[in-house]
Amino acid sequence: MKLKKMLGIILTAAMCTSMLAACGDTGSTSTGSTGDSKPASNGKSDLIRVGIINNDPNESGYRTANVNDLKATFTEANGYDAQFSYSLKNDEQISYAQKYIQDEVDYLLLSAADTAGWDGVLQDAKAAGVKVILFDRTIDASEDLYEASIVSDMAKEGKTAVDWLKSQNLDKYQVIHLQGVMGSAAQKGRSAALTEAAEADSSKWEIVTEQTAEWNAEKAQQIVQSAIDAGKEFNVIYAENDDMAKGAVAALDKANIAHGVGKDVIVMGFDCNKWALEELKAGNWNYDGQCNPFQSSYITDIIKKLEAGEKLSEKTIIMDEKGFDAATITQEDVDKYGI
Amino acid sequence: MIANKKPSFLSGLLHNQLLIPIAALLLLTVFNLIVDPSFFKITLGTNSDGNPVLSGYLITIIDYGSELAILAIGMTLVTAASGGQDISVGAGIAIAGSVLLRVLCGTESRPETLQTPVFVAFIICCLCAMIAGAFNGALVAFFRIQPMVATLILFTAGRSIAAWVNNNELPIISEKSFTYYGGYLPGIPIPTPFFIALLCFAVTWAVLKFTNLGLYVQAVGINEKTSRLNGLNPELIKFAVYILLGVCVAVCGLIKVSRLSTINYSVIAKDIEMDAILAVALGGNALSGGKFNMGASILGAYVIQFLTTTLYKFDVQSDALSAYKAVVVILLVVMSAPVFREKISSLFRRLRAGSAAA
Amino acid sequence: MQKDSVLELRGIFKSFPGVKALQNVDFTLRKGEIHALMGENGAGKSTLIKVLTGVYSKDAGDIYIKKDNREEKVVFHSPQEAQRAGISTVYQEISLCPNLSVAENIFIGRAEGKFISWKKMNADAQMLLNSLGINVKATQQLASCSIAVQQMVAIARAVDMECSVLILDEPTSSLDESEVEKLFGLMRQLRDRGVGIIFVTHFLDQVYEVCDKITILRDSKLVGEYTCEELPRVQLVSKMLGKELDDMADIKNDAESYQGRPSAPVYEATNLCSTEGIQPFNFYIRKGEVNGFTGLLGSGRSESVRAIFGADKVTSGSVKVNGIPVKITKPLEAMKQGIAYLPEDRKRDGIIGDLSVKDNIILALQVKTGFFKPFSKAKATKFAKKYIDMLDIKTASVDTPIKSLSGGNQQKVILGRWLLTEPTYLILDEPTRGIDVGTKVDIQKLVLKLASEGMSVTFISSETDEMLRTCSRLLVMRDRKLVGELTGDDLNQTTVMNTIAGGARE
């Protein structure tokens, strides 16, 4: 009896949770895309039918921009009949994939939550003649199972940034290095370049503090605060995303340490959030490296080639990614590349 | 008939609730004094707005420890009355902060000027945080769900709700005066959060002094049935403390959002619930509810920040911080175990007996 | 060691810091006897039991047991060791697993080999239960059995572990009379099998009903060992208290002094009923009157007074206080009408264990006074000290947690709490349960004193003679229904028993 009651309460609680969570989602995503509401069979024959599986748009500003870009591209007006599904869980993503294969879509676009576990469903896709294109994230599966993979090269992003830093020709580089969540692809790529540069020329380069702030502005603020309190000397903040750079700047402001173009401390961030680019343009920050969320143009290129029967030259396509310098950034850049 | 036996100073100290936080504080102080006395250096400078500011590790501690101390107030009451903890305070801060920004920004996400006075926005954010608290409180008090389970709901959903409040956009406040709450007031070199915390302590002290909140909360936490038979309404009291915690959450939300003039829904006040609970435990309060000592909890909160700051100073990787805190938790649990206290007491007795014999 | 004894304790000493708990105590238990261990609270009974079962280590003295006709000097370091030597204990709080079946509870923790044959286990358990005359299915879940049955299952478990000595520590305090009878039946049966039983209880009636021998402890010393026949009840009590007892007679005289002074009812209820399954009943009490509810445990006495106090949800009935209709649906409303209620289960409903004696005393008045009007520390201390002195509460200080006080003193604190609210009508539900004889007498005297000062009191006790001594009117309950009212000459054991049983009056 008591057990039943308890079970009831738990179930109710679970339902409440999912309802609330659902509320949170619908507000921001509104999956009012063409394919979602319509049964697949109603799709017109001249439209290319795609099923898109992505991560939850709430995950980050990057993801929101990514989702919006895809939604803007794969419309009926552009000749597509697209269906969208979002999940941060691999198993849910796999079941969406199975559904799309059953619906006999032409293309399956996938940004996998996890690298493992995709072989089976992708083999099904191959057998059913569904072409798979990966974007943003790679998976651990045989290359035969997908047509192409469109990714960012995090190491290259890091290298672009460090090259820019080298070009500033400082007498001495005393760097506070704020890392992302350890082990993530972005952290590894962006850290490697800096570490390499510091090791290559240890007379000029010194990593004053190297800490993970786990992409978190508050933690970054505390870490930089601690460095300031300790009286450490530094002239570069190398933050692996914009949030952490913002936290660092808040700590600098408190301690009256001048930062930005022509000031004492160089501030560097990544991701090109719009607000970050605005800071750049105002001269408060010095550099922001892009992590390109706009993959849809690459994807449509590939689909066009495949539809025309052409062969793709490479499996892995690395997107162009820019780095913006505060000295040269324009309002146009802010509007175009800000996410 | 009262037996006129004064407890010895030593055993009195041993049973005092403030023992643990004070011992921890002393330990940290001594450690820092030995390793690097410059830890305690405070310098006066000016910030980028030209205001005088004090800086140094101690200032950092009272600055960042303040949110935790404010949360610890509410968490202590919740723990005492309901014998469980609210693990949704971090998510609650995200909601409160999001609402605050939403009201301040109005329809734009990046307004040049504030659309609403901060005071009004704070009242609205406070109401929302109290509603969230009332939701938790209702589940705990009226539906008798385990506090941790009940608050798991908002713990899971809260950050999504926070994102939804602002349509997942990122409001940024450029108005300078908004940074006062998490930064410095012009002309005053001590961080504002500390003053906000002091204000909260004063209010709490007054409430505990001039109302029966303390007695009622403890009575309900220790024995609900007896409390009912003595005319108390245990459900109402439990419900009320969750709403009070909501107010604390709203205040923390204000400070947190003001620190950066913006919000990141997924990481703002991340894991703060664990620190708040740890503060309550460090204050020697039983996590199973009952008696509490508010001062000890508040002290506990600052001790935790002291520890965090010390660890940062020694460049401990911030993702390893929780491991160090875990060590503290283990020590606490062991020290507060009756078995351990009994052993220590008997050890003292034996020592005293030994010295008396000699 | 004597020829027929199974257990002997010689010259046992045990002290705790500041307290000498046992001083040179001897105790002998013979084969096939039920031996009562009597004494006031704090006399050393529990300590003796705990020394015997290895919970405490003794400071000096020897324990001998007889096994296979060989006597053996033993030292137990844990209850498990004692159990292996054939000494089993059943405590007041049943320490079984309520969510397991009866059979599982009997055999848990001692399965031999790796595999359990459920069928065999259930069959064995059923056989054991049948042989002991316990009427329960072995496969039934323990929680679904009555407390008495659970107690008997605990005994069955103990017995099955081939014990030669069985210790029953206050086994009857939560049982009603028929259940007690069943338990006694089981005890007698075990005695006939040759088991020696040590029986710790507060109920004098039960001692005379079932025991053969009585050993009395007082102030941690042995008073003596007696057979039941050679020791009349009054003698037993006076030996326990260490003084000749004429207090009881005094009480009776007081009780008669205010009879026959009729006045308007202070409290009056018509068709009162609560959710706890009692029949609607009518009730009144006059100024300065002491009345009582009597009946078997579970007959609805406690439920009735709880309905009066609004402790349970009241479903119907109209209530008048001093002739004015009022609504009492929750305790606070009752308190505001000057009603006070000392609940039956002190630990569960009475004390706030971790709070100080002071806070426990002021609680009810504080709640009555209001949320925004807390007493100053000095005022609270003054209140607390007043009742500590008045009721002679033994406590280290006003700030001592109430849980560290003895049962009797805890009860006095609760009593002080309610007296502090200056009630016009005081309800005492089993105020004398589980406390020592001296305090019992104190409380009864106090009740009569309060009544003579004009307070109305409803007094409930399991011990009929206590009720007869204090009450001028008895309301008898049976099967959750008010079945009779006794006054004047009807206030004697026989009539009360008959009414409870449903004989003479209806």
# chains A, B, ... in the order shown; residues from 1 in each chain; ligands from 1
>>> interface_residues(of="chain B", to="chain C", cutoff="12 Å", atoms="only C-alpha atoms", output="NGL selection string")
:B and (1-7 or 80 or 206-233 or 237 or 286 or 289-292 or 345-346 or 349-350 or 353)
>>> select_by_dssp(residues="stretch 166-206 of chain C", states="alpha helix (DSSP H)", output="VMD selection string")
chain C and resid 177 to 192 204 to 206
>>> write_last_selection(atoms="N, CA and C atoms", output="PDB file, in the first residue's frame")
ATOM      1  N   GLU C 177      -5.004  -6.705  27.299  1.00  0.00           N
ATOM      2  CA  GLU C 177      -5.096  -7.760  28.288  1.00  0.00           C
ATOM      3  C   GLU C 177      -5.147  -9.178  27.698  1.00  0.00           C
ATOM      4  N   SER C 178      -5.923  -9.319  26.607  1.00  0.00           N
ATOM      5  CA  SER C 178      -6.032 -10.672  26.044  1.00  0.00           C
ATOM      6  C   SER C 178      -4.698 -11.090  25.437  1.00  0.00           C
ATOM      7  N   GLU C 179      -4.020 -10.118  24.893  1.00  0.00           N
ATOM      8  CA  GLU C 179      -2.701 -10.427  24.318  1.00  0.00           C
ATOM      9  C   GLU C 179      -1.712 -10.801  25.419  1.00  0.00           C
ATOM     10  N   VAL C 180      -1.823 -10.087  26.527  1.00  0.00           N
ATOM     11  CA  VAL C 180      -0.971 -10.409  27.664  1.00  0.00           C
ATOM     12  C   VAL C 180      -1.236 -11.840  28.111  1.00  0.00           C
ATOM     13  N   GLU C 181      -2.516 -12.210  28.146  1.00  0.00           N
ATOM     14  CA  GLU C 181      -2.887 -13.575  28.529  1.00  0.00           C
ATOM     15  C   GLU C 181      -2.204 -14.600  27.638  1.00  0.00           C
ATOM     16  N   LYS C 182      -2.254 -14.321  26.328  1.00  0.00           N
ATOM     17  CA  LYS C 182      -1.631 -15.235  25.373  1.00  0.00           C
ATOM     18  C   LYS C 182      -0.140 -15.363  25.645  1.00  0.00           C
ATOM     19  N   LEU C 183       0.457 -14.214  25.888  1.00  0.00           N
ATOM     20  CA  LEU C 183       1.891 -14.204  26.145  1.00  0.00           C
ATOM     21  C   LEU C 183       2.214 -15.018  27.396  1.00  0.00           C
ATOM     22  N   PHE C 184       1.378 -14.828  28.418  1.00  0.00           N
ATOM     23  CA  PHE C 184       1.603 -15.573  29.650  1.00  0.00           C
ATOM     24  C   PHE C 184       1.465 -17.067  29.427  1.00  0.00           C
ATOM     25  N   GLY C 185       0.489 -17.416  28.577  1.00  0.00           N
ATOM     26  CA  GLY C 185       0.304 -18.832  28.238  1.00  0.00           C
ATOM     27  C   GLY C 185       1.594 -19.402  27.668  1.00  0.00           C
ATOM     28  N   LEU C 186       2.164 -18.631  26.751  1.00  0.00           N
ATOM     29  CA  LEU C 186       3.406 -19.054  26.120  1.00  0.00           C
ATOM     30  C   LEU C 186       4.533 -19.158  27.136  1.00  0.00           C
ATOM     31  N   MET C 187       4.568 -18.191  28.051  1.00  0.00           N
ATOM     32  CA  MET C 187       5.626 -18.210  29.061  1.00  0.00           C
ATOM     33  C   MET C 187       5.506 -19.440  29.954  1.00  0.00           C
ATOM     34  N   ARG C 188       4.275 -19.744  30.324  1.00  0.00           N
ATOM     35  CA  ARG C 188       4.080 -20.906  31.201  1.00  0.00           C
ATOM     36  C   ARG C 188       4.501 -22.180  30.489  1.00  0.00           C
ATOM     37  N   GLN C 189       4.151 -22.235  29.215  1.00  0.00           N
ATOM     38  CA  GLN C 189       4.499 -23.408  28.423  1.00  0.00           C
ATOM     39  C   GLN C 189       6.014 -23.612  28.375  1.00  0.00           C
ATOM     40  N   LEU C 190       6.721 -22.486  28.175  1.00  0.00           N
ATOM     41  CA  LEU C 190       8.173 -22.567  28.120  1.00  0.00           C
ATOM     42  C   LEU C 190       8.737 -22.977  29.480  1.00  0.00           C
ATOM     43  N   ARG C 191       8.111 -22.437  30.542  1.00  0.00           N
ATOM     44  CA  ARG C 191       8.564 -22.788  31.879  1.00  0.00           C
ATOM     45  C   ARG C 191       8.446 -24.303  32.085  1.00  0.00           C
ATOM     46  N   ASP C 192       7.319 -24.834  31.610  1.00  0.00           N
ATOM     47  CA  ASP C 192       7.115 -26.276  31.784  1.00  0.00           C
ATOM     48  C   ASP C 192       8.135 -27.085  30.998  1.00  0.00           C
ATOM     49  N   LEU C 204       2.521  -4.644  38.481  1.00  0.00           N
ATOM     50  CA  LEU C 204       2.531  -5.512  39.650  1.00  0.00           C
ATOM     51  C   LEU C 204       1.589  -6.696  39.470  1.00  0.00           C
ATOM     52  N   ASP C 205       0.394  -6.428  38.902  1.00  0.00           N
ATOM     53  CA  ASP C 205      -0.589  -7.493  38.706  1.00  0.00           C
ATOM     54  C   ASP C 205       0.033  -8.674  37.984  1.00  0.00           C
ATOM     55  N   GLN C 206       0.768  -8.340  36.941  1.00  0.00           N
ATOM     56  CA  GLN C 206       1.315  -9.387  36.081  1.00  0.00           C
ATOM     57  C   GLN C 206       2.348 -10.222  36.810  1.00  0.00           C
TER      58      GLN C 206
END
>>> atom_distance(atom1="atom CA of A:Phe270", atom2="atom CA of B:Ala91")
26.2 Å
>>> interface_residues(of="chain B", to="chain A", cutoff="8 Å", atoms="only C-alpha atoms", output="PyMOL selection string")
chain B and resi 39+45-50+53+55-57+60+145+150+153-154+156-157+160-164+167-168+183+259-260+266-269+309+312-313+315-319
>>> atom_distance(atom1="atom CA of C:Asn498", atom2="atom CA of C:Glu463")
15.3 Å
>>> select_by_dssp(residues="stretch 230-288 of chain A", states="strand (DSSP E)", output="ChimeraX atom specification")
/A:236-239,266-270,287-288
>>> residues_around(residues="B:Asn285", least_positions_apart="5", cutoff="8 Å", atoms="only C-alpha atoms", output="short mmCIF file (atom, residue, chain, number, x, y, z; two decimals) with C-alpha atoms, in the first residue's frame")
data_model
loop_
_atom_site.label_atom_id
_atom_site.label_comp_id
_atom_site.auth_asym_id
_atom_site.auth_seq_id
_atom_site.Cartn_x
_atom_site.Cartn_y
_atom_site.Cartn_z
CA GLN B 17 28.64 23.57 17.76
CA THR B 76 19.88 25.74 7.61
CA VAL B 280 25.29 23.63 7.08
CA LYS B 291 18.53 21.70 16.33
CA PHE B 292 20.46 24.30 14.43
CA ASN B 293 22.96 27.04 15.03
CA SER B 297 26.27 27.71 9.40
#
>>> residues_around(residues="C:Gly54", least_positions_apart="4", cutoff="12 Å", atoms="only C-alpha atoms", output="PyMOL selection string")
chain C and resi 47-50+58+63+74-85+87-89
